[in-house]
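J.: Please find one structure pasted underneath; my questions will follow.
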Amino acid sequence: MTQDPTPSPQGELTLQTVPMPADTNSNGDIFGGWVLSQMDIAGGVAAHKRAKGRTATVAINAMRFHAPVMVGDVFTVYTSVVKTGTTSVTIHVEAWVQREVDAIQIQVTEADFTFVAIEKSGVKRPLPPL
Ligand SMILES: CC(C)(COP(=O)(O)OP(=O)(O)OC[C@H]1O[C@@H](n2cnc3c(N)ncnc32)[C@H](O)[C@@H]1OP(=O)(O)O)[C@@H](O)C(=O)NCCC(=O)NCCS
């Protein structure tokens with residue numbers, strides 16, 4: 001039996017954008033904070049869906065930057081729910097880039113974001129049933 005050696009994104013496509021020159025650091029690569037911010041937004045979208053409402057980021061774990069992001073890359077974020085608790089949901093977030101038309105996607109980052117379901121007041125609330 002043969003296995004596909006090409007790694008591929010895991011999860012649901014949740015966000016897609018293109019970084020601009022204003023998002024670069026002093027090396028000319030895209031600033032890590034911009035990347036983290038896009039991942040937090042995508043994780044928040046997935047968490048909002050599972051929590052059926054407002055959430056807050058409580059923790060970011062196992063953050064890993066695998067490769068730099070460049071201006072003009074097609075930057076795509078994939079999300080999957082990996083764990084739920086009483087009030088929290090943990091989302092595995094992967095970011096991939098496509099550098100040229102027809103090129104394969106390269107994974108640039110991954111992390112586990114934990115969100116807590118909250119009321120409008122900011123107080124935590126139980127996750128609703130699926
Ligand atoms: C989110 C918040 C309402 C949680 O309230 P809290 O009283 O601290 O809640 P708890 O300590 O009981 O934790 C709530 C849940 O988060 C989980 N959690 C807390 N810290 C965690 C961590 N470091 N890693 C993983 N999960 C964590 C707990 O296990 C618990 O999960 P469960 O209910 O599913 O078992 C509160 O911490 C808060 O407002 N934090 C600031 C959030 C924020 O502003 N985020 C934006 C950052 S810019």
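Chains: A, B, ... in order of the structure tokens. Residues: from 1 per chain. Ligands: from 1, in order shown.
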Any idea what's packed within 8 Å of Phe75 (chain A), counting only C-alpha atoms, ignoring anything in its chain fewer than 4 positions away? Could you give it as a PyMOL selection string?

T.: chain A and resi 16-19+95-98

J.: Distance table requested - chain A against ligand 1, cut-off 12 Å, only C-alpha atoms and all ligand atoms: one row per qualifying residue with the closest atom pair and its distance in Å to one decimal, ordered by chain and rising residue number, as CSV.

T.:
residue,atom,partner,partner_atom_place_in_ligand_line,distance
A:Leu36,CA,ligand 1,48 (S),11.5
A:Ser37,CA,ligand 1,48 (S),10.0
A:Asp40,CA,ligand 1,46 (C),9.5
A:Ile41,CA,ligand 1,46 (C),11.0
A:Gly44,CA,ligand 1,46 (C),10.3
A:Ala51,CA,ligand 1,34 (O),11.3
A:Arg54,CA,ligand 1,3 (C),10.8
A:Thr55,CA,ligand 1,1 (C),7.7
A:Ala56,CA,ligand 1,45 (N),4.7
A:Thr57,CA,ligand 1,45 (N),4.3
A:Val58,CA,ligand 1,1 (C),5.0
A:Ala59,CA,ligand 1,23 (N),4.8
A:Ile60,CA,ligand 1,24 (N),7.2
A:Asn61,CA,ligand 1,24 (N),7.3
A:Ala62,CA,ligand 1,24 (N),10.8
A:Lys83,CA,ligand 1,34 (O),8.8
A:Thr84,CA,ligand 1,34 (O),6.1
A:Gly85,CA,ligand 1,34 (O),3.2
A:Thr86,CA,ligand 1,34 (O),3.7
A:Thr87,CA,ligand 1,33 (O),3.7
A:Ser88,CA,ligand 1,34 (O),3.7
A:Val89,CA,ligand 1,34 (O),6.6
A:Thr90,CA,ligand 1,25 (C),7.7
A:Ile91,CA,ligand 1,25 (C),10.8
A:Asp112,CA,ligand 1,25 (C),9.1
A:Phe113,CA,ligand 1,25 (C),8.1
A:Thr114,CA,ligand 1,25 (C),5.6
A:Phe115,CA,ligand 1,16 (O),7.0
A:Val116,CA,ligand 1,1 (C),5.1
A:Ala117,CA,ligand 1,1 (C),7.5
A:Ile118,CA,ligand 1,3 (C),6.2
A:Glu119,CA,ligand 1,3 (C),8.8
A:Lys120,CA,ligand 1,3 (C),10.7
A:Ser121,CA,ligand 1,3 (C),9.5
A:Gly122,CA,ligand 1,3 (C),5.8
A:Val123,CA,ligand 1,3 (C),5.3
A:Lys124,CA,ligand 1,3 (C),4.8
A:Arg125,CA,ligand 1,33 (O),8.3
A:Pro126,CA,ligand 1,33 (O),7.1
A:Leu127,CA,ligand 1,34 (O),8.1
A:Pro128,CA,ligand 1,34 (O),11.6

J.: Mind the document's chain letters and residue numbers, and return as a list in words the residues of chain A that DSSP labels alpha helix (DSSP H).

T.: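 Those residues are Gly32, Gly33, Trp34, Val35, Leu36, Ser37, Gln38, Met39, Asp40, Ile41, Ala42, Gly43, Gly44, Val45, Ala46, Ala47, His48, Lys49, Arg50 and Ala51 of chain A.
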
J.: Go ahead and save the residues from that selection, with N, CA and C atoms, as a PDB file, in the first residue's frame.

T.:
ATOM      1  N   GLY A  32       5.312  38.174  13.042  1.00  0.00           N
ATOM      2  CA  GLY A  32       4.679  37.049  13.732  1.00  0.00           C
ATOM      3  C   GLY A  32       3.368  37.431  14.403  1.00  0.00           C
ATOM      4  N   GLY A  33       3.295  38.664  14.892  1.00  0.00           N
ATOM      5  CA  GLY A  33       2.070  39.127  15.546  1.00  0.00           C
ATOM      6  C   GLY A  33       0.886  39.176  14.594  1.00  0.00           C
ATOM      7  N   TRP A  34       1.162  39.501  13.331  1.00  0.00           N
ATOM      8  CA  TRP A  34       0.083  39.514  12.320  1.00  0.00           C
ATOM      9  C   TRP A  34      -0.426  38.087  12.115  1.00  0.00           C
ATOM     10  N   VAL A  35       0.522  37.140  12.019  1.00  0.00           N
ATOM     11  CA  VAL A  35       0.153  35.739  11.798  1.00  0.00           C
ATOM     12  C   VAL A  35      -0.691  35.231  12.971  1.00  0.00           C
ATOM     13  N   LEU A  36      -0.208  35.516  14.192  1.00  0.00           N
ATOM     14  CA  LEU A  36      -0.912  35.086  15.399  1.00  0.00           C
ATOM     15  C   LEU A  36      -2.321  35.675  15.444  1.00  0.00           C
ATOM     16  N   SER A  37      -2.421  36.933  15.049  1.00  0.00           N
ATOM     17  CA  SER A  37      -3.714  37.621  15.061  1.00  0.00           C
ATOM     18  C   SER A  37      -4.708  36.944  14.108  1.00  0.00           C
ATOM     19  N   GLN A  38      -4.239  36.588  12.906  1.00  0.00           N
ATOM     20  CA  GLN A  38      -5.135  35.913  11.953  1.00  0.00           C
ATOM     21  C   GLN A  38      -5.569  34.550  12.504  1.00  0.00           C
ATOM     22  N   MET A  39      -4.629  33.865  13.186  1.00  0.00           N
ATOM     23  CA  MET A  39      -4.958  32.549  13.754  1.00  0.00           C
ATOM     24  C   MET A  39      -5.970  32.694  14.880  1.00  0.00           C
ATOM     25  N   ASP A  40      -5.831  33.748  15.674  1.00  0.00           N
ATOM     26  CA  ASP A  40      -6.769  33.997  16.781  1.00  0.00           C
ATOM     27  C   ASP A  40      -8.162  34.308  16.223  1.00  0.00           C
ATOM     28  N   ILE A  41      -8.198  35.093  15.130  1.00  0.00           N
ATOM     29  CA  ILE A  41      -9.485  35.416  14.508  1.00  0.00           C
ATOM     30  C   ILE A  41     -10.159  34.135  13.993  1.00  0.00           C
ATOM     31  N   ALA A  42      -9.389  33.313  13.284  1.00  0.00           N
ATOM     32  CA  ALA A  42      -9.959  32.077  12.726  1.00  0.00           C
ATOM     33  C   ALA A  42     -10.409  31.125  13.844  1.00  0.00           C
ATOM     34  N   GLY A  43      -9.564  30.988  14.871  1.00  0.00           N
ATOM     35  CA  GLY A  43      -9.940  30.138  16.005  1.00  0.00           C
ATOM     36  C   GLY A  43     -11.199  30.662  16.667  1.00  0.00           C
ATOM     37  N   GLY A  44     -11.294  31.996  16.757  1.00  0.00           N
ATOM     38  CA  GLY A  44     -12.477  32.629  17.356  1.00  0.00           C
ATOM     39  C   GLY A  44     -13.748  32.355  16.555  1.00  0.00           C
ATOM     40  N   VAL A  45     -13.602  32.314  15.235  1.00  0.00           N
ATOM     41  CA  VAL A  45     -14.768  32.011  14.385  1.00  0.00           C
ATOM     42  C   VAL A  45     -15.246  30.585  14.684  1.00  0.00           C
ATOM     43  N   ALA A  46     -14.288  29.641  14.749  1.00  0.00           N
ATOM     44  CA  ALA A  46     -14.648  28.238  15.015  1.00  0.00           C
ATOM     45  C   ALA A  46     -15.224  28.088  16.422  1.00  0.00           C
ATOM     46  N   ALA A  47     -14.636  28.794  17.392  1.00  0.00           N
ATOM     47  CA  ALA A  47     -15.109  28.700  18.773  1.00  0.00           C
ATOM     48  C   ALA A  47     -16.516  29.290  18.910  1.00  0.00           C
ATOM     49  N   HIS A  48     -16.745  30.423  18.230  1.00  0.00           N
ATOM     50  CA  HIS A  48     -18.061  31.084  18.264  1.00  0.00           C
ATOM     51  C   HIS A  48     -19.132  30.129  17.744  1.00  0.00           C
ATOM     52  N   LYS A  49     -18.758  29.385  16.688  1.00  0.00           N
ATOM     53  CA  LYS A  49     -19.699  28.435  16.080  1.00  0.00           C
ATOM     54  C   LYS A  49     -20.064  27.337  17.096  1.00  0.00           C
ATOM     55  N   ARG A  50     -19.022  26.776  17.764  1.00  0.00           N
ATOM     56  CA  ARG A  50     -19.275  25.692  18.721  1.00  0.00           C
ATOM     57  C   ARG A  50     -19.976  26.204  19.968  1.00  0.00           C
ATOM     58  N   ALA A  51     -19.592  27.398  20.407  1.00  0.00           N
ATOM     59  CA  ALA A  51     -20.166  27.950  21.646  1.00  0.00           C
ATOM     60  C   ALA A  51     -21.504  28.635  21.386  1.00  0.00           C
TER      61      ALA A  51
END

J.: If we count only C-alpha atoms and set the cut-off at 7 Å, which residues sit around Pro68 (chain A), ignoring sequence neighbours fewer than 2 positions away in its own chain? Please answer as number ranges by chain.

T.: A: 29, 70, 108

J.: Quote the spacing between CA of Arg64 (chain A) and CA of Phe31 (chain A) in Å to one decimal place.

T.: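 Atom-to-atom, CA of Arg64 (chain A) and CA of Phe31 (chain A) are spaced 14.2 Å apart.
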
J.: Please list as a ChimeraX atom specification every residue within 6 Å of Val77 (chain A), counting only C-alpha atoms and excluding residues in the same chain fewer than 2 positions away.

T.: /A:14-15,94-95

J.: Store the residues of this selection in a file with N, CA and C atoms, as a PDB file, in the first residue's frame.

T.:
ATOM      1  N   THR A  14     -11.182  28.286   7.316  1.00  0.00           N
ATOM      2  CA  THR A  14     -11.945  29.250   8.116  1.00  0.00           C
ATOM      3  C   THR A  14     -11.626  30.691   7.750  1.00  0.00           C
ATOM      4  N   LEU A  15     -10.427  30.945   7.230  1.00  0.00           N
ATOM      5  CA  LEU A  15     -10.040  32.325   6.904  1.00  0.00           C
ATOM      6  C   LEU A  15      -9.013  32.292   5.779  1.00  0.00           C
ATOM      7  N   GLU A  94      -4.207  25.717  12.080  1.00  0.00           N
ATOM      8  CA  GLU A  94      -3.044  25.586  11.182  1.00  0.00           C
ATOM      9  C   GLU A  94      -3.100  26.698  10.147  1.00  0.00           C
ATOM     10  N   ALA A  95      -1.951  27.310   9.844  1.00  0.00           N
ATOM     11  CA  ALA A  95      -1.893  28.294   8.761  1.00  0.00           C
ATOM     12  C   ALA A  95      -0.976  27.756   7.666  1.00  0.00           C
TER      13      ALA A  95
END

J.: So the first atom is CA of Val81 (chain A) and the second is CA of Asp102 (chain A); what is the distance between them in Å, to one decimal place?

T.: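 Spanning CA of Val81 (chain A) to CA of Asp102 (chain A) is a straight-line distance of 29.3 Å.
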
J.: Can you tell me how far CA of Tyr78 (chain A) sits from CA of Pro9 (chain A), in Å to one decimal?

T.: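 Going from CA of Tyr78 (chain A) over to CA of Pro9 (chain A) covers 6.9 Å.
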